[in-house]
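Student: One file is attached below, input-v8.tsv, containing TSV, C-alpha atoms and all ligand atoms.
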```
chain	number	residue	atom	x	y	z
A	436	MET	CA	0.00	0.00	0.00
A	437	SER	CA	1.31	3.44	-0.92
A	438	ASN	CA	2.00	6.01	1.75
A	439	THR	CA	1.36	8.92	-0.59
A	440	PRO	CA	-1.70	10.94	0.41
A	441	ASP	CA	-4.79	10.34	-1.72
A	442	GLU	CA	-4.91	13.59	-3.70
A	443	SER	CA	-8.34	12.87	-5.13
A	444	ARG	CA	-9.81	13.29	-1.62
A	445	PRO	CA	-10.24	16.96	-0.76
A	446	THR	CA	-8.71	17.72	2.64
A	447	ARG	CA	-11.02	19.81	4.80
A	448	ARG	CA	-9.41	23.10	5.75
A	449	ARG	CA	-10.59	25.77	8.12
A	450	THR	CA	-13.56	27.87	6.98
A	451	THR	CA	-12.63	31.50	6.38
A	452	VAL	CA	-14.64	34.71	6.16
A	453	ALA	CA	-14.04	34.54	2.39
A	454	ASP	CA	-15.82	31.16	2.43
A	455	VAL	CA	-18.73	32.77	4.27
A	456	ALA	CA	-18.98	35.42	1.52
A	457	ARG	CA	-18.80	32.64	-1.09
A	458	MET	CA	-21.54	30.62	0.64
A	459	HIS	CA	-23.69	33.74	0.70
A	460	ALA	CA	-23.03	34.49	-3.00
A	461	ASP	CA	-23.90	30.86	-3.87
A	462	GLY	CA	-27.16	31.04	-1.94
A	463	GLN	CA	-25.96	28.41	0.53
A	464	ARG	CA	-27.53	28.65	3.99
A	465	ILE	CA	-25.00	29.35	6.73
A	466	ALA	CA	-25.12	27.21	9.88
A	467	MET	CA	-23.62	28.54	13.09
A	468	LEU	CA	-23.78	26.96	16.55
A	469	THR	CA	-22.40	28.08	19.87
A	470	ALA	CA	-19.68	25.98	21.50
A	471	TYR	CA	-17.97	26.48	24.84
A	472	ASP	CA	-15.74	23.46	25.41
A	473	HIS	CA	-13.30	21.13	23.67
A	474	PRO	CA	-15.34	17.90	23.34
A	475	THR	CA	-18.48	19.66	22.08
A	476	ALA	CA	-16.46	21.77	19.65
A	477	ALA	CA	-14.81	18.59	18.30
A	478	LEU	CA	-18.22	16.95	17.73
A	479	LEU	CA	-19.68	20.01	16.00
A	480	ASP	CA	-16.55	20.36	13.86
A	481	GLU	CA	-16.70	16.69	12.89
A	482	ALA	CA	-20.38	17.14	11.99
A	483	GLY	CA	-19.28	19.84	9.54
A	484	VAL	CA	-20.77	22.92	11.20
A	485	PRO	CA	-18.82	25.68	9.41
A	486	LEU	CA	-19.15	28.47	11.99
A	487	LEU	CA	-18.72	28.10	15.75
A	488	LEU	CA	-19.52	31.00	18.03
A	489	VAL	CA	-18.07	31.06	21.51
A	490	GLY	CA	-21.01	33.15	22.66
A	491	ASP	CA	-21.10	35.13	25.86
A	492	SER	CA	-24.25	33.07	26.46
A	493	LEU	CA	-21.47	31.07	28.16
A	494	GLY	CA	-22.32	33.13	31.24
A	495	GLU	CA	-25.90	31.85	31.45
A	496	VAL	CA	-25.73	28.34	30.00
A	497	VAL	CA	-22.34	27.19	31.34
A	498	LEU	CA	-21.18	29.44	34.18
A	499	GLY	CA	-24.53	29.85	35.93
A	500	TYR	CA	-24.65	33.67	35.92
A	501	ASP	CA	-28.02	35.40	35.70
A	502	SER	CA	-26.91	37.49	32.70
A	503	THR	CA	-24.25	37.69	29.99
A	504	VAL	CA	-23.21	41.07	31.41
A	505	ARG	CA	-21.19	39.26	34.11
A	506	VAL	CA	-18.84	37.51	31.68
A	507	SER	CA	-15.23	38.75	31.55
A	508	VAL	CA	-12.59	38.67	28.81
A	509	THR	CA	-10.56	36.18	30.89
A	510	GLU	CA	-13.52	33.80	31.15
A	511	MET	CA	-14.28	34.07	27.44
A	512	LEU	CA	-10.64	33.54	26.52
A	513	HIS	CA	-10.44	30.33	28.55
A	514	HIS	CA	-13.36	28.87	26.55
A	515	VAL	CA	-12.27	30.27	23.18
A	516	LYS	CA	-8.94	28.44	23.56
A	517	ALA	CA	-10.71	25.15	24.32
A	518	VAL	CA	-13.03	25.49	21.31
A	519	VAL	CA	-10.19	26.40	18.94
A	520	ARG	CA	-8.22	23.32	20.10
A	521	GLY	CA	-11.28	21.12	19.51
A	522	ALA	CA	-12.35	22.52	16.14
A	523	PRO	CA	-9.64	22.51	13.47
A	524	HIS	CA	-12.04	23.21	10.57
A	525	ALA	CA	-14.70	25.66	11.72
A	526	LEU	CA	-14.41	29.43	11.64
A	527	VAL	CA	-14.28	30.21	15.36
A	528	ILE	CA	-15.84	33.53	16.36
A	529	ALA	CA	-15.24	34.92	19.84
A	530	ASP	CA	-18.04	37.01	21.35
A	531	MET	CA	-16.66	40.19	22.86
A	532	PRO	CA	-18.11	40.52	26.37
A	533	PHE	CA	-19.86	43.54	27.87
A	534	LEU	CA	-17.70	46.69	27.90
A	535	SER	CA	-14.65	44.91	26.48
A	536	TYR	CA	-15.46	47.12	23.48
A	537	GLY	CA	-17.05	50.50	22.99
A	538	VAL	CA	-15.28	52.41	25.76
A	539	SER	CA	-12.47	53.48	23.44
A	540	ALA	CA	-11.33	52.35	20.01
A	541	GLU	CA	-7.86	51.45	21.38
A	542	GLU	CA	-9.24	49.22	24.12
A	543	SER	CA	-11.72	47.59	21.73
A	544	VAL	CA	-8.98	46.77	19.23
A	545	ARG	CA	-6.64	45.48	21.96
A	546	ASN	CA	-9.32	43.22	23.46
A	547	ALA	CA	-10.42	41.94	20.04
A	548	GLY	CA	-6.77	41.22	19.25
A	549	VAL	CA	-6.37	39.10	22.38
A	550	PHE	CA	-9.09	36.71	21.16
A	551	LEU	CA	-7.04	36.13	18.00
A	552	SER	CA	-3.46	36.26	19.29
A	553	GLU	CA	-4.01	34.39	22.58
A	554	GLY	CA	-7.31	32.65	21.95
A	555	GLY	CA	-6.67	31.49	18.38
A	556	ALA	CA	-10.12	32.64	17.13
A	557	GLN	CA	-10.47	33.86	13.55
A	558	ALA	CA	-13.07	36.58	14.16
A	559	VAL	CA	-14.95	38.43	16.89
A	560	LYS	CA	-18.61	39.37	17.37
A	561	VAL	CA	-19.78	42.73	18.66
A	562	GLU	CA	-23.31	43.71	19.71
A	563	GLY	CA	-25.00	46.93	18.59
A	564	GLY	CA	-25.79	48.68	15.33
A	565	THR	CA	-25.28	52.41	14.90
A	566	ARG	CA	-24.00	52.69	18.50
A	567	SER	CA	-21.18	50.19	17.72
A	568	ALA	CA	-20.40	51.34	14.17
A	569	ARG	CA	-17.20	53.21	15.05
A	570	THR	CA	-15.98	50.36	17.22
A	571	ILE	CA	-16.56	47.80	14.45
A	572	GLU	CA	-14.80	50.09	11.99
A	573	ALA	CA	-11.75	50.44	14.26
A	574	ILE	CA	-11.49	46.67	14.84
A	575	VAL	CA	-11.91	45.91	11.12
A	576	ARG	CA	-9.31	48.56	10.27
A	577	SER	CA	-6.84	46.75	12.51
A	578	GLY	CA	-7.25	43.63	10.38
A	579	ILE	CA	-9.73	41.67	12.51
A	580	ALA	CA	-12.89	40.19	11.00
A	581	VAL	CA	-16.05	41.28	12.83
A	582	MET	CA	-19.56	39.82	12.95
A	583	GLY	CA	-22.27	42.26	14.02
A	584	HIS	CA	-25.30	41.49	16.21
A	585	ILE	CA	-28.49	43.56	16.23
A	586	GLY	CA	-32.12	43.21	17.33
A	587	TRP	CA	-32.27	41.75	20.82
A	588	THR	CA	-28.78	42.35	22.16
A	589	PRO	CA	-28.51	40.63	25.57
A	590	GLN	CA	-25.69	42.87	26.84
A	591	ALA	CA	-28.08	45.85	26.55
A	592	ARG	CA	-30.82	43.91	28.32
A	593	HIS	CA	-31.46	46.53	31.00
A	594	ALA	CA	-31.42	49.41	28.51
A	595	LEU	CA	-33.91	47.48	26.36
A	596	GLY	CA	-36.38	47.15	29.24
A	597	GLY	CA	-35.09	44.11	31.11
A	598	LYS	CA	-37.35	41.49	29.54
A	599	VAL	CA	-36.32	39.39	26.54
A	600	ARG	CA	-38.59	40.55	23.73
A	601	VAL	CA	-38.87	40.79	19.95
A	602	GLN	CA	-37.34	44.02	18.63
A	603	GLY	CA	-38.50	46.20	15.72
A	604	LYS	CA	-42.26	45.75	16.10
A	605	THR	CA	-43.26	49.35	15.33
A	606	ARG	CA	-42.52	51.13	12.04
A	607	GLU	CA	-40.13	53.47	13.83
A	608	GLN	CA	-38.25	50.61	15.51
A	609	ALA	CA	-38.15	48.69	12.22
A	610	ARG	CA	-36.55	51.68	10.50
A	611	ALA	CA	-34.03	51.99	13.32
A	612	LEU	CA	-33.15	48.30	12.96
A	613	LEU	CA	-32.62	48.67	9.22
A	614	ALA	CA	-30.36	51.66	9.96
A	615	ASP	CA	-28.48	49.46	12.47
A	616	ALA	CA	-27.99	46.71	9.88
A	617	LEU	CA	-26.73	49.17	7.27
A	618	ALA	CA	-24.38	50.78	9.80
A	619	VAL	CA	-22.90	47.38	10.70
A	620	GLN	CA	-22.36	46.60	7.01
A	621	GLU	CA	-20.89	50.08	6.32
A	622	SER	CA	-18.45	49.55	9.19
A	623	GLY	CA	-16.99	46.53	7.45
A	624	ALA	CA	-18.56	43.55	9.29
A	625	PHE	CA	-18.58	40.31	7.27
A	626	ALA	CA	-21.98	39.14	8.59
A	627	VAL	CA	-24.63	40.17	11.09
A	628	VAL	CA	-26.73	38.25	13.59
A	629	LEU	CA	-30.40	39.26	13.73
A	630	GLU	CA	-31.82	38.18	17.07
A	631	LEU	CA	-35.56	38.22	17.88
A	632	VAL	CA	-36.61	40.30	14.88
A	633	PRO	CA	-40.05	39.87	13.21
A	634	GLU	CA	-39.77	37.49	10.24
A	635	GLN	CA	-40.83	39.99	7.56
A	636	LEU	CA	-38.51	42.68	8.87
A	637	ALA	CA	-35.59	40.22	9.01
A	638	ALA	CA	-36.31	39.20	5.40
A	639	ALA	CA	-36.50	42.85	4.34
A	640	ILE	CA	-33.20	43.67	6.07
A	641	THR	CA	-31.61	40.58	4.49
A	642	ALA	CA	-32.75	41.74	1.03
A	643	ARG	CA	-31.20	45.19	1.60
A	644	LEU	CA	-27.77	43.94	2.72
A	645	ASP	CA	-24.79	42.64	0.76
A	646	ILE	CA	-23.43	40.77	3.79
A	647	PRO	CA	-25.18	37.64	5.10
A	648	THR	CA	-27.68	37.78	7.95
A	649	ILE	CA	-27.68	34.97	10.49
A	650	GLY	CA	-30.96	34.70	12.33
A	651	ILE	CA	-32.00	33.51	15.76
A	652	GLY	CA	-35.71	33.83	16.36
A	653	ALA	CA	-35.86	35.89	13.16
A	654	GLY	CA	-37.62	33.51	10.77
A	655	ALA	CA	-36.64	31.72	7.59
A	656	GLY	CA	-35.73	34.77	5.51
A	657	CYS	CA	-32.18	35.14	6.85
A	658	ASN	CA	-29.13	33.78	5.04
A	659	GLY	CA	-28.26	31.49	7.92
A	660	GLN	CA	-29.32	30.38	11.37
A	661	VAL	CA	-27.59	30.26	14.74
A	662	LEU	CA	-28.59	28.37	17.87
A	663	VAL	CA	-27.25	27.96	21.35
A	664	ILE	CA	-26.02	24.34	21.39
A	665	ASN	CA	-27.53	23.65	24.84
A	666	ASP	CA	-30.99	24.61	23.51
A	667	LEU	CA	-30.62	22.35	20.47
A	668	LEU	CA	-29.50	19.41	22.63
A	669	GLY	CA	-31.99	19.79	25.48
A	670	LEU	CA	-29.28	20.56	28.00
A	671	GLY	CA	-30.67	23.00	30.55
A	672	GLU	CA	-33.98	23.86	32.11
A	673	PHE	CA	-35.28	26.51	29.75
A	674	THR	CA	-35.66	26.30	25.98
A	675	PRO	CA	-36.62	29.53	24.20
A	676	ARG	CA	-39.55	29.37	21.75
A	677	HIS	CA	-37.32	29.85	18.70
A	678	ALA	CA	-35.03	26.93	19.57
A	679	ARG	CA	-35.89	23.59	17.98
A	680	ARG	CA	-34.77	20.71	20.22
A	681	TYR	CA	-33.14	17.79	18.43
A	682	ALA	CA	-32.20	15.72	21.49
A	683	GLU	CA	-32.83	15.34	25.21
A	684	ILE	CA	-29.22	15.09	26.38
A	685	GLY	CA	-30.09	16.41	29.85
A	686	ALA	CA	-32.44	13.46	30.39
A	687	VAL	CA	-29.83	11.01	29.00
A	688	ILE	CA	-27.19	12.33	31.43
A	689	ARG	CA	-29.59	12.28	34.40
A	690	ASP	CA	-30.60	8.70	33.65
A	691	ALA	CA	-27.01	7.44	33.13
A	692	VAL	CA	-25.76	9.13	36.31
A	693	THR	CA	-28.70	7.85	38.38
A	694	ARG	CA	-28.06	4.28	37.19
A	695	TRP	CA	-24.31	4.57	37.89
A	696	ALA	CA	-24.90	6.03	41.36
A	697	SER	CA	-27.20	3.15	42.27
A	698	ASP	CA	-24.48	0.70	41.14
A	699	VAL	CA	-21.54	2.12	43.13
A	700	ASP	CA	-21.84	-0.51	45.84
A	701	GLN	CA	-21.44	-3.29	43.30
A	702	PRO	CA	-18.57	-2.58	40.86
A	703	SER	CA	-18.21	-5.34	38.30
A	704	ALA	CA	-15.23	-7.71	38.32
A	705	GLU	CA	-13.96	-6.26	34.99
A	706	GLU	CA	-13.54	-2.80	36.55
A	707	ALA	CA	-10.85	-4.02	38.95
A	708	ALA	CA	-7.24	-4.95	38.08
A	709	PRO	CA	-6.90	-8.63	39.05
A	710	ILE	CA	-3.19	-8.49	40.03
A	711	PRO	CA	-2.48	-10.89	42.93
A	712	LEU	CA	-0.32	-9.61	45.76
A	713	ASP	CA	2.96	-11.54	45.75
A	714	ARG	CA	3.60	-11.00	49.41
A	715	ASP	CA	1.70	-10.16	52.55
A	716	LEU	CA	1.09	-6.48	53.20
B	1	LIG	O1	-23.94	34.62	23.00
B	1	LIG	C1	-24.59	33.99	22.13
B	1	LIG	O2	-24.79	32.77	22.22
B	1	LIG	C2	-25.10	34.76	21.01
B	1	LIG	C3	-25.98	34.03	20.04
B	1	LIG	C4	-27.32	33.82	20.61
B	1	LIG	C5	-26.04	34.73	18.73
B	1	LIG	O3	-24.81	35.90	20.88
```
Turn this file's structure into structure tokens for me.

Tutor:
Amino acid sequence: MSNTPDESRPTRRRTTVADVARMHADGQRIAMLTAYDHPTAALLDEAGVPLLLVGDSLGEVVLGYDSTVRVSVTEMLHHVKAVVRGAPHALVIADMPFLSYGVSAEESVRNAGVFLSEGGAQAVKVEGGTRSARTIEAIVRSGIAVMGHIGWTPQARHALGGKVRVQGKTREQARALLADALAVQESGAFAVVLELVPEQLAAAITARLDIPTIGIGAGAGCNGQVLVINDLLGLGEFTPRHARRYAEIGAVIRDAVTRWASDVDQPSAEEAAPIPLDRDL
């Protein structure tokens, strides 16, 4: 048998932002999932998910905080590194946590840079439309790819009224959201997440943009979809209305652990190393 690599088999390389633009131009739907740890990232990468977002939803679904606002750069970085090590093929996008951007352009660029230079991510995500336009522009100008995020932006939860709710319901709000989307595009972002936006408005925004929209609770008219992996897998107590569940992993874990715990007093013979003692203790 020859040891020469089979050149007829395409080797899978890491997805790039240029690939995302190509997928968009080809009318291919873009799939993005969140990932927070090495084993999950490896499974999602193996399954061929092209975009992995290390979302600051980390704070709520993994770290047990009551809001994403609590998440720090150090915490995000720890998880970005694990995901990058687990996913050699996906484009890994690091979510910039609350106030790690937007205070000054210098600080925003420096923090974004850390996710690439230390974390190994290939892009960052920033919340906010017109209010974040200058920040996105500064980060893009420094050579870092940025994904925008408008609509329901969890870091602005308190400013948006505290309760998770669909954004852009009135004509005035819809116009403001379109202005947000255009500002994000103008600033040089390669894609934009539309979260909790009415379906028709999301479709209208998508039609007006040259960059792809990735929806979550924004209907079928976006160029791609993103979900929090825990919601898709049934891992956690609460599943938002927009999240389709494809598994009940929480129940599987609970059942396996309960069965194991009830077996601890009777380990099987195969679990022990049958090495006889050659002398008395
Ligand atoms: O933090 C996150 O998981 C997100 C997605 C919901 C887009 O921002």

Student: Can you check which parts of chain A lie within 6 Å of ligand LIG 1 (chain B)? Per residue, the shortest pair of atoms and distance in Å to one decimal, counting all atoms listed in the file, sorted by chain and number, as a tab-separated table.

Tutor:
```
residue	atom	partner	partner_atom	distance
A:Thr469	CA	B:LIG1	O2	5.8
A:Gly490	CA	B:LIG1	O1	3.3
A:Asp491	CA	B:LIG1	O1	4.1
A:Ser492	CA	B:LIG1	O1	3.8
A:Val663	CA	B:LIG1	O2	5.5
```

Student: In terms of the shortest atom-to-atom distance over all atoms listed in the file, which of A:Ala691, A:Ile710, A:Ala609, A:Val661 is closest to Ala637 of chain A?

Tutor: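 Selected residue with least distance to Ala637 of chain A: A:Ala609.
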
Student: Report, in Å with one decimal, the straight-line distance from atom CA of Ala678 of chain A to atom CA of Ile651 of chain A.

Tutor: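 One can read the atom CA of Ala678 of chain A to atom CA of Ile651 of chain A distance as 8.2 Å.
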
Student: Could you pull out every residue with an atom within 9 Å of (-16.2, 35.2, 18.1), file coordinates, counting all atoms listed in the file, and send them as a VMD selection string?

Tutor: chain A and resid 487 to 490 515 526 to 531 550 556 to 561 581 to 582

Student: Could you check which of A:Met511, A:Gly578, A:Leu468, A:His524 is closest to Glu553 of chain A, using only C-alpha atoms?

Tutor: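 Looking only at the distances to Glu553 of chain A, the closest residue turns out to be A:Met511.
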